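Source file input.txt; content: compact mmCIF, C-alpha atoms.
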```
# COMPACT_ATOMS: atom_id res chain seq x y z
CA MET F 1 38.69 19.33 -20.02
CA VAL F 2 37.20 17.13 -17.40
CA GLN F 3 33.45 17.18 -17.31
CA GLU F 4 32.26 17.13 -13.75
CA GLU F 5 29.36 14.74 -13.27
CA LYS F 6 26.67 16.29 -11.17
CA PHE F 7 24.93 13.99 -8.75
CA GLY F 8 21.39 14.78 -9.78
CA GLU F 9 17.80 13.69 -9.79
CA LYS F 10 18.42 10.78 -12.16
CA ASP F 11 20.86 9.18 -9.73
CA PHE F 12 18.38 9.51 -6.92
CA GLN F 13 15.70 7.88 -9.03
CA THR F 14 18.01 4.90 -9.43
CA ILE F 15 18.91 4.80 -5.74
CA ILE F 16 15.28 5.06 -4.61
CA GLY F 17 14.24 2.44 -7.15
CA ASN F 18 16.89 0.05 -5.86
CA LEU F 19 16.03 0.75 -2.23
CA LEU F 20 12.39 -0.12 -2.86
CA ARG F 21 13.25 -3.26 -4.78
CA TYR F 22 15.84 -4.69 -2.40
CA GLY F 23 13.87 -3.57 0.65
CA VAL F 24 10.95 -5.72 -0.44
CA TRP F 25 13.07 -8.75 -1.27
CA ILE F 26 15.11 -8.63 1.94
CA SER F 27 11.97 -8.23 4.07
CA LEU F 28 10.20 -11.06 2.33
CA SER F 29 13.19 -13.38 2.61
CA VAL F 30 13.32 -12.82 6.37
CA ALA F 31 9.56 -13.34 6.67
CA PHE F 32 9.77 -16.47 4.52
CA ILE F 33 12.53 -18.03 6.64
CA GLY F 34 10.49 -17.15 9.73
CA GLY F 35 7.48 -18.76 8.12
CA ILE F 36 9.34 -22.03 7.55
CA VAL F 37 10.57 -22.08 11.17
CA TYR F 38 7.07 -21.25 12.38
CA LEU F 39 5.49 -24.04 10.35
CA ILE F 40 8.09 -26.61 11.45
CA HIS F 41 7.39 -25.84 15.11
CA ASN F 42 3.70 -24.96 15.04
CA GLY F 43 2.40 -26.50 11.83
CA ASN F 44 0.35 -29.16 13.59
CA GLN F 45 -1.28 -26.86 16.09
CA ILE F 46 -4.73 -25.40 15.75
CA GLU F 47 -5.16 -21.64 15.79
CA ASP F 48 -8.44 -19.77 15.80
CA TYR F 49 -8.27 -16.50 13.90
CA SER F 50 -12.02 -15.88 13.93
CA VAL F 51 -11.88 -13.93 17.19
CA PHE F 52 -9.87 -10.73 17.35
CA LYS F 53 -7.63 -10.39 20.39
CA GLU F 54 -7.05 -6.68 20.74
CA ASN F 55 -3.65 -5.59 21.97
CA ASP F 56 -2.62 -2.35 23.54
CA ARG F 57 1.13 -2.46 23.49
CA ASN F 58 3.18 0.48 22.38
CA ILE F 59 5.38 0.06 19.35
CA PHE F 60 8.63 -0.07 21.31
CA GLU F 61 7.38 -2.90 23.53
CA VAL F 62 6.37 -4.81 20.41
CA ILE F 63 9.73 -4.24 18.75
CA ALA F 64 11.62 -5.28 21.91
CA ALA F 65 9.55 -8.47 22.16
CA VAL F 66 10.05 -9.24 18.48
CA TYR F 67 13.80 -8.64 18.76
CA ASN F 68 14.14 -10.98 21.73
CA GLY F 69 12.07 -13.64 20.03
CA ALA F 70 13.94 -13.35 16.74
CA ILE F 71 17.31 -13.83 18.46
CA GLN F 72 16.01 -17.05 19.98
CA GLY F 73 14.91 -18.18 16.54
CA ASN F 74 11.18 -17.90 17.20
CA GLY F 75 9.34 -18.25 13.88
CA GLU F 76 6.60 -15.74 14.57
CA SER F 77 9.11 -13.11 15.72
CA LEU F 78 11.19 -13.67 12.59
CA ILE F 79 8.12 -13.12 10.40
CA PHE F 80 7.39 -9.98 12.36
CA THR F 81 10.98 -8.80 11.84
CA GLY F 82 10.49 -9.18 8.10
CA ILE F 83 7.24 -7.20 8.31
CA ILE F 84 8.95 -4.42 10.27
CA PHE F 85 11.71 -4.28 7.62
CA LEU F 86 8.98 -3.98 5.02
CA PHE F 87 7.40 -1.08 6.90
CA MET F 88 10.82 0.59 7.17
CA THR F 89 11.37 0.61 3.40
CA PRO F 90 9.03 3.56 2.69
CA VAL F 91 10.43 5.42 5.70
CA LEU F 92 13.95 5.10 4.31
CA ARG F 93 12.60 6.25 0.97
CA VAL F 94 11.25 9.45 2.55
CA LEU F 95 14.59 10.10 4.28
CA LEU F 96 16.39 9.60 0.97
CA SER F 97 14.10 12.13 -0.73
CA LEU F 98 14.83 14.59 2.05
CA PHE F 99 18.52 14.16 1.35
CA SER F 100 17.95 14.52 -2.38
CA PHE F 101 16.04 17.80 -1.99
CA LEU F 102 18.74 19.13 0.34
CA LEU F 103 21.41 18.46 -2.28
CA GLU F 104 19.29 20.15 -4.92
CA LYS F 105 18.81 23.08 -2.53
CA ASP F 106 15.06 22.80 -3.05
CA TYR F 107 14.13 24.10 0.39
CA LEU F 108 10.39 24.20 -0.32
CA TYR F 109 10.46 20.44 -0.75
CA VAL F 110 12.83 19.94 2.17
CA GLY F 111 10.04 21.54 4.23
CA ILE F 112 7.31 19.42 2.64
CA THR F 113 9.28 16.22 3.25
CA LEU F 114 9.87 17.27 6.87
CA ILE F 115 6.11 17.66 7.35
CA VAL F 116 5.57 14.09 6.12
CA ILE F 117 8.28 12.83 8.48
CA MET F 118 6.64 14.73 11.33
CA ILE F 119 3.27 13.11 10.65
CA ILE F 120 4.89 9.67 10.75
CA ILE F 121 6.55 10.53 14.06
CA ILE F 122 3.22 11.72 15.44
CA SER F 123 1.60 8.47 14.36
CA ILE F 124 4.31 6.56 16.24
CA SER F 125 3.86 8.70 19.34
CA PHE F 126 0.17 7.81 19.44
CA GLY F 127 1.55 4.66 21.04
CA PHE F 128 2.43 6.57 24.16
CA SER F 129 -1.00 8.02 24.65
CA HIS F 130 -2.71 4.64 24.41
CA MET H 1 -7.77 -27.04 10.59
CA THR H 2 -4.08 -27.14 11.47
CA ILE H 3 -1.87 -24.11 10.94
CA LEU H 4 -0.09 -25.87 8.09
CA THR H 5 -3.29 -26.55 6.13
CA PHE H 6 -4.53 -23.06 6.84
CA THR H 7 -1.24 -21.53 5.64
CA LEU H 8 -1.29 -23.49 2.40
CA ILE H 9 -4.90 -22.51 1.68
CA MET H 10 -4.05 -18.88 2.40
CA ILE H 11 -1.01 -18.86 0.09
CA LEU H 12 -3.22 -20.22 -2.70
CA GLY H 13 -6.02 -17.76 -1.97
CA ALA H 14 -3.62 -14.83 -1.70
CA PHE H 15 -1.98 -15.81 -4.99
CA LEU H 16 -5.41 -15.69 -6.60
CA ALA H 17 -6.16 -12.35 -4.95
CA GLY H 18 -2.87 -10.86 -6.17
CA PHE H 19 -3.49 -12.27 -9.64
CA ILE H 20 -7.03 -10.89 -9.90
CA GLY H 21 -5.97 -7.64 -8.25
CA SER H 22 -3.28 -7.06 -10.84
CA LEU H 23 -5.43 -8.02 -13.86
CA SER H 24 -8.40 -5.95 -12.73
CA GLY H 25 -6.23 -3.02 -11.70
CA LEU H 26 -7.76 -2.99 -8.23
CA GLY H 27 -4.75 -4.22 -6.26
CA GLY H 28 -4.48 -7.38 -4.22
CA GLY H 29 -5.32 -5.88 -0.84
CA ILE H 30 -8.89 -5.11 -1.72
CA ILE H 31 -9.57 -8.71 -2.77
CA ILE H 32 -7.75 -10.45 0.06
CA ILE H 33 -10.05 -8.97 2.71
CA PRO H 34 -13.33 -10.55 1.52
CA LEU H 35 -11.46 -13.75 0.79
CA LEU H 36 -10.14 -14.01 4.35
CA THR H 37 -13.32 -12.89 6.08
CA ILE H 38 -16.08 -14.48 4.01
CA ILE H 39 -14.42 -17.69 2.87
CA LEU H 40 -11.91 -18.46 5.61
CA GLY H 41 -13.78 -16.91 8.53
CA VAL H 42 -10.84 -14.78 9.70
CA ASP H 43 -11.67 -11.75 11.84
CA ILE H 44 -11.79 -8.58 9.73
CA HIS H 45 -9.12 -6.83 11.85
CA TYR H 46 -6.55 -9.52 11.05
CA ALA H 47 -7.64 -9.40 7.41
CA ILE H 48 -7.12 -5.63 7.30
CA GLY H 49 -3.67 -5.98 8.87
CA ALA H 50 -2.59 -8.65 6.40
CA ALA H 51 -3.97 -6.64 3.48
CA LEU H 52 -1.98 -3.58 4.56
CA VAL H 53 1.24 -5.58 4.67
CA SER H 54 0.60 -6.95 1.19
CA VAL H 55 -0.19 -3.44 -0.09
CA ILE H 56 3.21 -2.19 1.04
CA ALA H 57 4.99 -5.16 -0.54
CA THR H 58 3.28 -4.98 -3.94
CA SER H 59 3.33 -1.20 -4.23
CA SER H 60 7.01 -0.87 -3.31
CA GLY H 61 7.87 -3.70 -5.67
CA SER H 62 6.17 -2.17 -8.68
CA ALA H 63 6.99 1.43 -7.78
CA ALA H 64 10.68 0.55 -7.98
CA ALA H 65 10.52 0.03 -11.75
CA TYR H 66 8.50 3.17 -12.51
CA VAL H 67 10.71 5.42 -10.38
CA LYS H 68 13.78 4.24 -12.27
CA GLU H 69 12.14 4.96 -15.62
CA GLY H 70 11.35 8.49 -14.46
CA ILE H 71 7.57 8.20 -14.93
CA THR H 72 6.73 8.80 -11.29
CA ASN H 73 6.32 12.44 -10.28
CA MET H 74 8.15 12.27 -6.97
CA ARG H 75 7.50 15.89 -6.01
CA MET H 76 3.78 15.44 -6.49
CA GLY H 77 3.91 12.17 -4.59
CA ILE H 78 5.67 13.65 -1.59
CA PHE H 79 3.48 16.75 -1.52
CA LEU H 80 0.29 14.68 -1.61
CA GLU H 81 1.67 12.30 1.02
CA ILE H 82 1.01 15.07 3.55
CA ALA H 83 -2.70 14.55 2.88
CA THR H 84 -2.63 10.75 2.65
CA THR H 85 -0.60 10.24 5.82
CA ILE H 86 -2.81 12.55 7.89
CA GLY H 87 -5.85 10.75 6.47
CA ALA H 88 -4.29 7.36 7.16
CA VAL H 89 -3.57 8.12 10.80
CA CYS H 90 -7.16 9.34 11.30
CA GLY H 91 -8.53 6.31 9.48
CA ALA H 92 -6.47 3.84 11.51
CA LEU H 93 -7.53 5.47 14.78
CA LEU H 94 -11.15 5.37 13.61
CA SER H 95 -10.86 1.67 12.72
CA THR H 96 -9.88 0.86 16.31
CA ILE H 97 -13.16 2.26 17.64
CA ALA H 98 -15.57 1.68 14.75
CA PRO H 99 -17.91 -1.32 15.03
CA THR H 100 -16.98 -4.29 12.85
CA SER H 101 -20.27 -4.19 10.96
CA PHE H 102 -19.63 -0.58 9.97
CA ILE H 103 -16.19 -1.49 8.62
CA ALA H 104 -17.64 -4.42 6.67
CA VAL H 105 -20.38 -2.32 5.06
CA LEU H 106 -17.99 0.53 4.24
CA PHE H 107 -15.59 -1.96 2.75
CA GLY H 108 -18.34 -3.44 0.58
CA LEU H 109 -19.28 -0.01 -0.72
CA THR H 110 -15.63 0.83 -1.47
CA LEU H 111 -15.31 -2.45 -3.32
CA ILE H 112 -18.32 -1.63 -5.53
CA PHE H 113 -17.02 1.87 -6.16
CA SER H 114 -13.57 0.59 -7.13
CA ALA H 115 -15.01 -2.10 -9.41
CA ILE H 116 -17.17 0.42 -11.28
CA ASN H 117 -14.24 2.78 -11.48
CA SER H 118 -12.03 0.09 -13.00
CA LEU H 119 -14.53 -0.27 -15.87
CA ARG H 120 -14.79 3.44 -16.56
CA LYS H 121 -13.42 4.56 -19.87
CA LYS H 122 -10.18 6.39 -19.43
CA GLU H 123 -9.51 9.36 -21.63
CA GLU H 124 -6.14 10.98 -21.82
CA HIS H 125 -6.31 14.68 -21.26
CA ILE H 126 -2.98 16.38 -20.99
CA VAL H 127 -3.11 20.00 -19.93
CA LEU H 128 -0.04 22.08 -20.60
CA GLU H 129 -0.77 25.15 -18.51
CA SER H 130 -0.45 24.64 -14.73
CA SER H 131 -2.45 26.53 -12.14
CA PRO H 132 -0.48 29.17 -10.16
CA LEU H 133 -0.30 27.03 -7.01
CA ALA H 134 0.88 24.02 -9.01
CA LYS H 135 3.60 26.21 -10.54
CA LYS H 136 4.69 27.35 -7.13
CA LEU H 137 4.88 23.74 -5.93
CA LYS H 138 6.64 22.63 -9.13
CA LEU H 139 4.06 19.92 -9.76
CA ASP H 140 4.36 19.97 -13.55
CA GLY H 141 6.67 17.45 -15.11
CA THR H 142 7.60 15.21 -18.00
CA TYR H 143 7.50 11.51 -18.65
CA PRO H 144 9.06 9.29 -21.31
CA THR H 145 6.88 7.29 -23.72
CA HIS H 146 7.71 3.90 -25.21
CA ASP H 147 9.40 5.45 -28.24
CA GLY H 148 11.66 7.59 -26.08
CA GLU H 149 9.67 10.76 -26.61
CA VAL H 150 9.34 13.14 -23.67
CA VAL H 151 5.82 14.35 -22.89
CA LYS H 152 5.33 17.54 -20.90
CA TYR H 153 2.31 18.02 -18.69
CA GLY H 154 0.84 20.58 -16.30
CA THR H 155 -1.26 20.24 -13.17
CA LYS H 156 -4.52 21.87 -12.11
CA ASN H 157 -6.69 22.18 -9.00
CA VAL H 158 -4.07 21.31 -6.39
CA LEU H 159 -6.31 21.90 -3.38
CA GLY H 160 -9.11 19.72 -4.77
CA GLY H 161 -6.67 16.89 -5.42
CA PHE H 162 -5.11 17.35 -2.00
CA SER H 163 -8.49 17.01 -0.24
CA MET H 164 -9.41 13.92 -2.25
CA MET H 165 -6.05 12.45 -1.28
CA GLY H 166 -6.96 12.97 2.37
CA VAL H 167 -10.06 10.85 1.79
CA ALA H 168 -7.96 8.22 -0.01
CA GLY H 169 -5.55 8.09 2.93
CA MET H 170 -8.40 7.75 5.39
CA MET H 171 -9.91 4.82 3.49
CA SER H 172 -6.46 3.25 3.41
CA GLY H 173 -6.03 3.57 7.17
CA LEU H 174 -9.56 2.46 7.92
CA LEU H 175 -9.64 -0.57 5.61
CA GLY H 176 -6.00 -1.55 5.09
CA ILE H 177 -6.26 -1.05 1.32
CA GLY H 178 -4.09 0.95 -1.08
CA SER H 179 -7.18 2.90 -2.19
CA GLY H 180 -5.69 3.32 -5.65
CA ALA H 181 -9.14 4.12 -7.08
CA PHE H 182 -9.46 7.24 -4.91
CA LYS H 183 -5.88 8.31 -5.56
CA VAL H 184 -6.24 8.00 -9.30
CA ILE H 185 -9.47 10.03 -9.20
CA ALA H 186 -7.68 12.76 -7.27
CA MET H 187 -4.83 12.94 -9.76
CA ASP H 188 -6.62 11.97 -12.99
CA ASN H 189 -9.99 13.66 -12.76
CA ILE H 190 -9.24 16.52 -10.42
CA MET H 191 -5.61 17.47 -11.00
CA ARG H 192 -5.61 16.44 -14.68
CA VAL H 193 -2.35 14.54 -14.53
CA PRO H 194 -1.76 12.06 -17.40
CA PHE H 195 -2.94 8.54 -16.66
CA LYS H 196 0.50 6.96 -16.77
CA VAL H 197 1.86 9.44 -14.24
CA SER H 198 -1.14 9.25 -11.90
CA THR H 199 -1.13 5.45 -11.62
CA THR H 200 2.60 5.21 -11.02
CA THR H 201 2.66 8.12 -8.57
CA SER H 202 -0.30 6.65 -6.69
CA ASN H 203 1.66 3.40 -6.42
CA PHE H 204 4.72 5.28 -5.21
CA MET H 205 2.70 6.93 -2.41
CA MET H 206 1.06 3.77 -1.11
CA GLY H 207 4.03 2.57 0.92
CA VAL H 208 4.33 5.71 3.02
CA THR H 209 0.56 6.05 3.40
CA ALA H 210 0.24 2.46 4.59
CA MET H 211 3.25 2.90 6.87
CA ALA H 212 1.55 5.80 8.65
CA SER H 213 -1.33 3.56 9.70
CA SER H 214 0.80 0.45 10.23
CA VAL H 215 2.19 1.71 13.55
CA ILE H 216 -1.31 1.93 14.99
CA TYR H 217 -2.15 -1.47 13.50
CA ILE H 218 0.92 -3.05 15.13
CA GLN H 219 0.07 -1.56 18.51
CA LYS H 220 -3.52 -2.77 18.36
CA GLY H 221 -2.52 -6.28 17.33
CA TYR H 222 -3.90 -6.26 13.75
CA ILE H 223 -0.64 -7.69 12.42
CA GLU H 224 -0.77 -11.45 12.99
CA PRO H 225 2.45 -13.02 11.65
CA GLY H 226 0.78 -16.39 10.98
CA ILE H 227 -1.68 -14.72 8.60
CA CYS H 228 0.57 -12.01 7.13
CA MET H 229 3.34 -14.33 5.97
CA PRO H 230 1.29 -16.52 3.58
CA VAL H 231 -0.79 -13.53 2.45
CA VAL H 232 2.20 -11.34 1.51
CA ILE H 233 3.99 -14.10 -0.33
CA GLY H 234 0.86 -15.23 -2.14
CA VAL H 235 -0.27 -11.74 -3.16
CA LEU H 236 3.18 -10.69 -4.37
CA PHE H 237 3.68 -13.71 -6.61
CA GLY H 238 0.08 -13.52 -7.79
CA ALA H 239 0.57 -9.88 -8.75
CA MET H 240 3.76 -10.72 -10.60
CA ALA H 241 2.02 -13.50 -12.53
CA GLY H 242 -0.86 -11.15 -13.33
CA ALA H 243 1.49 -8.47 -14.62
CA LYS H 244 3.10 -10.98 -17.00
CA ILE H 245 -0.27 -11.98 -18.45
CA LEU H 246 -1.41 -8.38 -18.66
CA VAL H 247 1.34 -7.61 -21.15
CA ARG H 248 0.14 -10.36 -23.48
CA THR H 249 -3.64 -10.18 -23.34
CA ASN H 250 -6.32 -7.58 -23.76
CA PRO H 251 -7.70 -7.14 -20.27
CA LYS H 252 -10.99 -5.60 -21.38
CA LYS H 253 -13.12 -8.77 -21.12
CA LEU H 254 -11.25 -9.96 -18.05
CA ARG H 255 -11.99 -6.64 -16.37
CA ILE H 256 -15.74 -7.02 -16.85
CA PHE H 257 -15.62 -10.58 -15.53
CA PHE H 258 -13.64 -9.57 -12.45
CA ALA H 259 -15.80 -6.53 -11.82
CA CYS H 260 -18.84 -8.84 -11.65
CA LEU H 261 -17.00 -11.20 -9.31
CA ILE H 262 -16.00 -8.32 -7.07
CA PHE H 263 -19.55 -7.01 -7.08
CA VAL H 264 -20.77 -10.35 -5.70
CA LEU H 265 -18.08 -10.29 -3.00
CA ALA H 266 -19.07 -6.74 -2.08
CA ILE H 267 -22.76 -7.60 -1.72
CA ASN H 268 -21.74 -10.55 0.43
CA MET H 269 -19.61 -8.30 2.67
CA ILE H 270 -22.43 -5.79 3.09
CA TYR H 271 -24.99 -8.52 3.78
CA ASN H 272 -22.79 -10.23 6.37
CA GLY H 273 -21.90 -6.90 7.90
CA LEU H 274 -25.52 -5.91 8.33
CA ASN H 275 -26.32 -9.28 9.87
CA GLY H 276 -23.43 -8.99 12.27
CA LYS H 277 -21.77 -12.10 10.86
CA ILE H 278 -18.41 -10.46 10.24
```

Output the file's structure in the form of structure tokens.
Amino acid sequence: MVQEEKFGEKDFQTIIGNLLRYGVWISLSVAFIGGIVYLIHNGNQIEDYSVFKENDRNIFEVIAAVYNGAIQGNGESLIFTGIIFLFMTPVLRVLLSLFSFLLEKDYLYVGITLIVIMIIIISISFGFSH
Amino acid sequence: MTILTFTLIMILGAFLAGFIGSLSGLGGGIIIIPLLTIILGVDIHYAIGAALVSVIATSSGSAAAYVKEGITNMRMGIFLEIATTIGAVCGALLSTIAPTSFIAVLFGLTLIFSAINSLRKKEEHIVLESSPLAKKLKLDGTYPTHDGEVVKYGTKNVLGGFSMMGVAGMMSGLLGIGSGAFKVIAMDNIMRVPFKVSTTTSNFMMGVTAMASSVIYIQKGYIEPGICMPVVIGVLFGAMAGAKILVRTNPKKLRIFFACLIFVLAINMIYNGLNGKI
């Protein structure tokens, strides 16, 4: 008799664990490479971080600017790309949990996860109102 | 100071912050902020942004291991993330309008609170019977011990814990910290979850909580790549080094030493904040 392996919670624990681990290492590698490029080009300059320059750009403008910069090999944009990857890791984790609860047919937790996703979307959309 | 010198100093400082943060159980983010503002003269907004990035990196890194071992209560984490993310968004919005001196003083007070909390004696108190709401939300669970035994536990006072988590999220969004101290109080003292589960689940939640405020931080320009890069790398390796030492030594005496150190930093933050120097 063939025992059918159920794809269960344990497997998701492994997948989520791996996602978190590799997410961090990939993000940091990108940021590190960006850091080297940045230091090679700008290492001898002087920067004053004691005064805060407030921005008011919405998230999509920032991402577009970072993307364009990163393609041209700009160090700061590459660091920023790494940071955005890092921020994406927990988002992917939430999406994975949503998927996991759907497979388990745990609709209460599908709903709870959707609420969390909604709050994140609302936080992103604050960019439009500013 | 050139960018290169500044970067090297920051990597070293962040390594130290990650190291102390991991040994004292306070997390690297909470130590990097006074280091950047008081010692290196960086504006507190940039310091908060860099701390938040390092919080996501260290918490995701260590959460990975605990999730795999099955210690983390993922249901509880996701349920409580509703509270922490709402809190975080409010906190981040508040930080964009709050005066710098207010943020500095609040940070100092949080630092003192966390330091005292890290010295508190921790008693294990497993409850077996869950409250009705906790049963409905399936918040009870099990976790494996070192000898492979499986320990069952129940959960109490869900609404109390949920509200405290909202506060934790708000502090996280306002100050760019993981606010582990608040999260552990919510789960440990209020919801009566075993210590091992509460610390790992708190760690698991930090990434999403921090992410909720990060969007607002990015838009307001808190995230300065030139500062974030050395800070993240330094804190992460410092935390890893700290974790290695933690396995081998008894952290009791170290904890008292670091708590005193943090107390001094906190007083400094409050003093500078009140004088408008930050």

Just the number, please: distance in Å from atom CA of H:Ile262 to atom CA of H:Val55, one decimal. 18.0 Å

F:Gly23: which residues within 9 Å, counting all atoms listed in the file, same-chain residues fewer than 3 positions away excluded, as a VMD selection string? (chain F and resid 18 to 20 26 to 28 85 to 86 88 to 90) or (chain H and resid 60 to 61)

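Nearest residue to H:Ala64 among H:Gly166, H:Gly207, H:Pro144, H:Gly87 is H:Gly207, counting all atoms listed in the file.
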
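Atom CA of H:Ala65 lies 9.8 Å from atom CA of F:Gln13.
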
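Taking all atoms listed in the file into account, H:Phe113 lies nearest to H:Phe263 out of the set H:Tyr271, H:Phe263, H:Tyr217, H:Tyr153.
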
Show me which bits of chain F are within 7 Å of chain H, counting only C-alpha atoms, as JSON, numbers by chain. {"F": [13, 14, 17, 18, 20, 21, 24, 31, 32, 35, 39, 42, 43, 44, 45, 46, 47, 49, 50, 51, 52, 54, 55, 56, 57, 58, 59, 76, 79, 80, 86, 87, 90, 91, 112, 113, 115, 116, 119, 120, 123, 124, 127]}

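You will find atom CA of F:Tyr22 at 19.4 Å from atom CA of H:Thr201.
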
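Here the question is which of F:Ile83, F:Phe12, F:Gly111, F:Val66 gets nearest to F:Trp25 using all atoms listed in the file, and that residue is F:Ile83.
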
Residue completion, stretch 26-44 of chain F, N, CA and C atoms, as a PDB file, in the coordinates of the input:
```pdb
ATOM      1  N   ILE F  26      14.468  -8.270   0.669  1.00  0.00           N
ATOM      2  CA  ILE F  26      15.110  -8.630   1.940  1.00  0.00           C
ATOM      3  C   ILE F  26      14.028  -8.919   2.995  1.00  0.00           C
ATOM      4  N   SER F  27      13.033  -8.040   3.080  1.00  0.00           N
ATOM      5  CA  SER F  27      11.970  -8.230   4.070  1.00  0.00           C
ATOM      6  C   SER F  27      11.261  -9.564   3.867  1.00  0.00           C
ATOM      7  N   LEU F  28      10.940  -9.844   2.598  1.00  0.00           N
ATOM      8  CA  LEU F  28      10.200 -11.060   2.330  1.00  0.00           C
ATOM      9  C   LEU F  28      11.037 -12.303   2.597  1.00  0.00           C
ATOM     10  N   SER F  29      12.342 -12.225   2.336  1.00  0.00           N
ATOM     11  CA  SER F  29      13.190 -13.380   2.610  1.00  0.00           C
ATOM     12  C   SER F  29      13.201 -13.674   4.099  1.00  0.00           C
ATOM     13  N   VAL F  30      13.332 -12.621   4.916  1.00  0.00           N
ATOM     14  CA  VAL F  30      13.320 -12.820   6.370  1.00  0.00           C
ATOM     15  C   VAL F  30      11.978 -13.410   6.804  1.00  0.00           C
ATOM     16  N   ALA F  31      10.888 -12.845   6.291  1.00  0.00           N
ATOM     17  CA  ALA F  31       9.560 -13.340   6.670  1.00  0.00           C
ATOM     18  C   ALA F  31       9.375 -14.794   6.216  1.00  0.00           C
ATOM     19  N   PHE F  32       9.922 -15.115   5.046  1.00  0.00           N
ATOM     20  CA  PHE F  32       9.770 -16.470   4.520  1.00  0.00           C
ATOM     21  C   PHE F  32      10.515 -17.477   5.394  1.00  0.00           C
ATOM     22  N   ILE F  33      11.764 -17.136   5.767  1.00  0.00           N
ATOM     23  CA  ILE F  33      12.530 -18.030   6.640  1.00  0.00           C
ATOM     24  C   ILE F  33      11.777 -18.201   7.965  1.00  0.00           C
ATOM     25  N   GLY F  34      11.287 -17.070   8.509  1.00  0.00           N
ATOM     26  CA  GLY F  34      10.490 -17.150   9.730  1.00  0.00           C
ATOM     27  C   GLY F  34       9.289 -18.046   9.559  1.00  0.00           C
ATOM     28  N   GLY F  35       8.655 -17.952   8.402  1.00  0.00           N
ATOM     29  CA  GLY F  35       7.480 -18.760   8.120  1.00  0.00           C
ATOM     30  C   GLY F  35       7.788 -20.252   8.144  1.00  0.00           C
ATOM     31  N   ILE F  36       8.934 -20.618   7.557  1.00  0.00           N
ATOM     32  CA  ILE F  36       9.340 -22.030   7.550  1.00  0.00           C
ATOM     33  C   ILE F  36       9.548 -22.516   8.987  1.00  0.00           C
ATOM     34  N   VAL F  37      10.307 -21.714   9.769  1.00  0.00           N
ATOM     35  CA  VAL F  37      10.570 -22.080  11.170  1.00  0.00           C
ATOM     36  C   VAL F  37       9.247 -22.230  11.922  1.00  0.00           C
ATOM     37  N   TYR F  38       8.370 -21.257  11.705  1.00  0.00           N
ATOM     38  CA  TYR F  38       7.070 -21.250  12.380  1.00  0.00           C
ATOM     39  C   TYR F  38       6.276 -22.509  12.046  1.00  0.00           C
ATOM     40  N   LEU F  39       6.264 -22.877  10.762  1.00  0.00           N
ATOM     41  CA  LEU F  39       5.490 -24.040  10.350  1.00  0.00           C
ATOM     42  C   LEU F  39       6.104 -25.340  10.879  1.00  0.00           C
ATOM     43  N   ILE F  40       7.438 -25.400  10.937  1.00  0.00           N
ATOM     44  CA  ILE F  40       8.090 -26.610  11.450  1.00  0.00           C
ATOM     45  C   ILE F  40       7.693 -26.812  12.923  1.00  0.00           C
ATOM     46  N   HIS F  41       7.683 -25.720  13.678  1.00  0.00           N
ATOM     47  CA  HIS F  41       7.390 -25.840  15.110  1.00  0.00           C
ATOM     48  C   HIS F  41       5.899 -25.885  15.415  1.00  0.00           C
ATOM     49  N   ASN F  42       5.111 -25.100  14.671  1.00  0.00           N
ATOM     50  CA  ASN F  42       3.700 -24.960  15.040  1.00  0.00           C
ATOM     51  C   ASN F  42       2.718 -25.506  14.011  1.00  0.00           C
ATOM     52  N   GLY F  43       3.251 -26.089  12.946  1.00  0.00           N
ATOM     53  CA  GLY F  43       2.400 -26.500  11.830  1.00  0.00           C
ATOM     54  C   GLY F  43       1.233 -27.391  12.206  1.00  0.00           C
ATOM     55  N   ASN F  44       1.410 -28.220  13.244  1.00  0.00           N
ATOM     56  CA  ASN F  44       0.350 -29.160  13.590  1.00  0.00           C
ATOM     57  C   ASN F  44      -0.638 -28.624  14.624  1.00  0.00           C
TER      58      ASN F  44
END
```
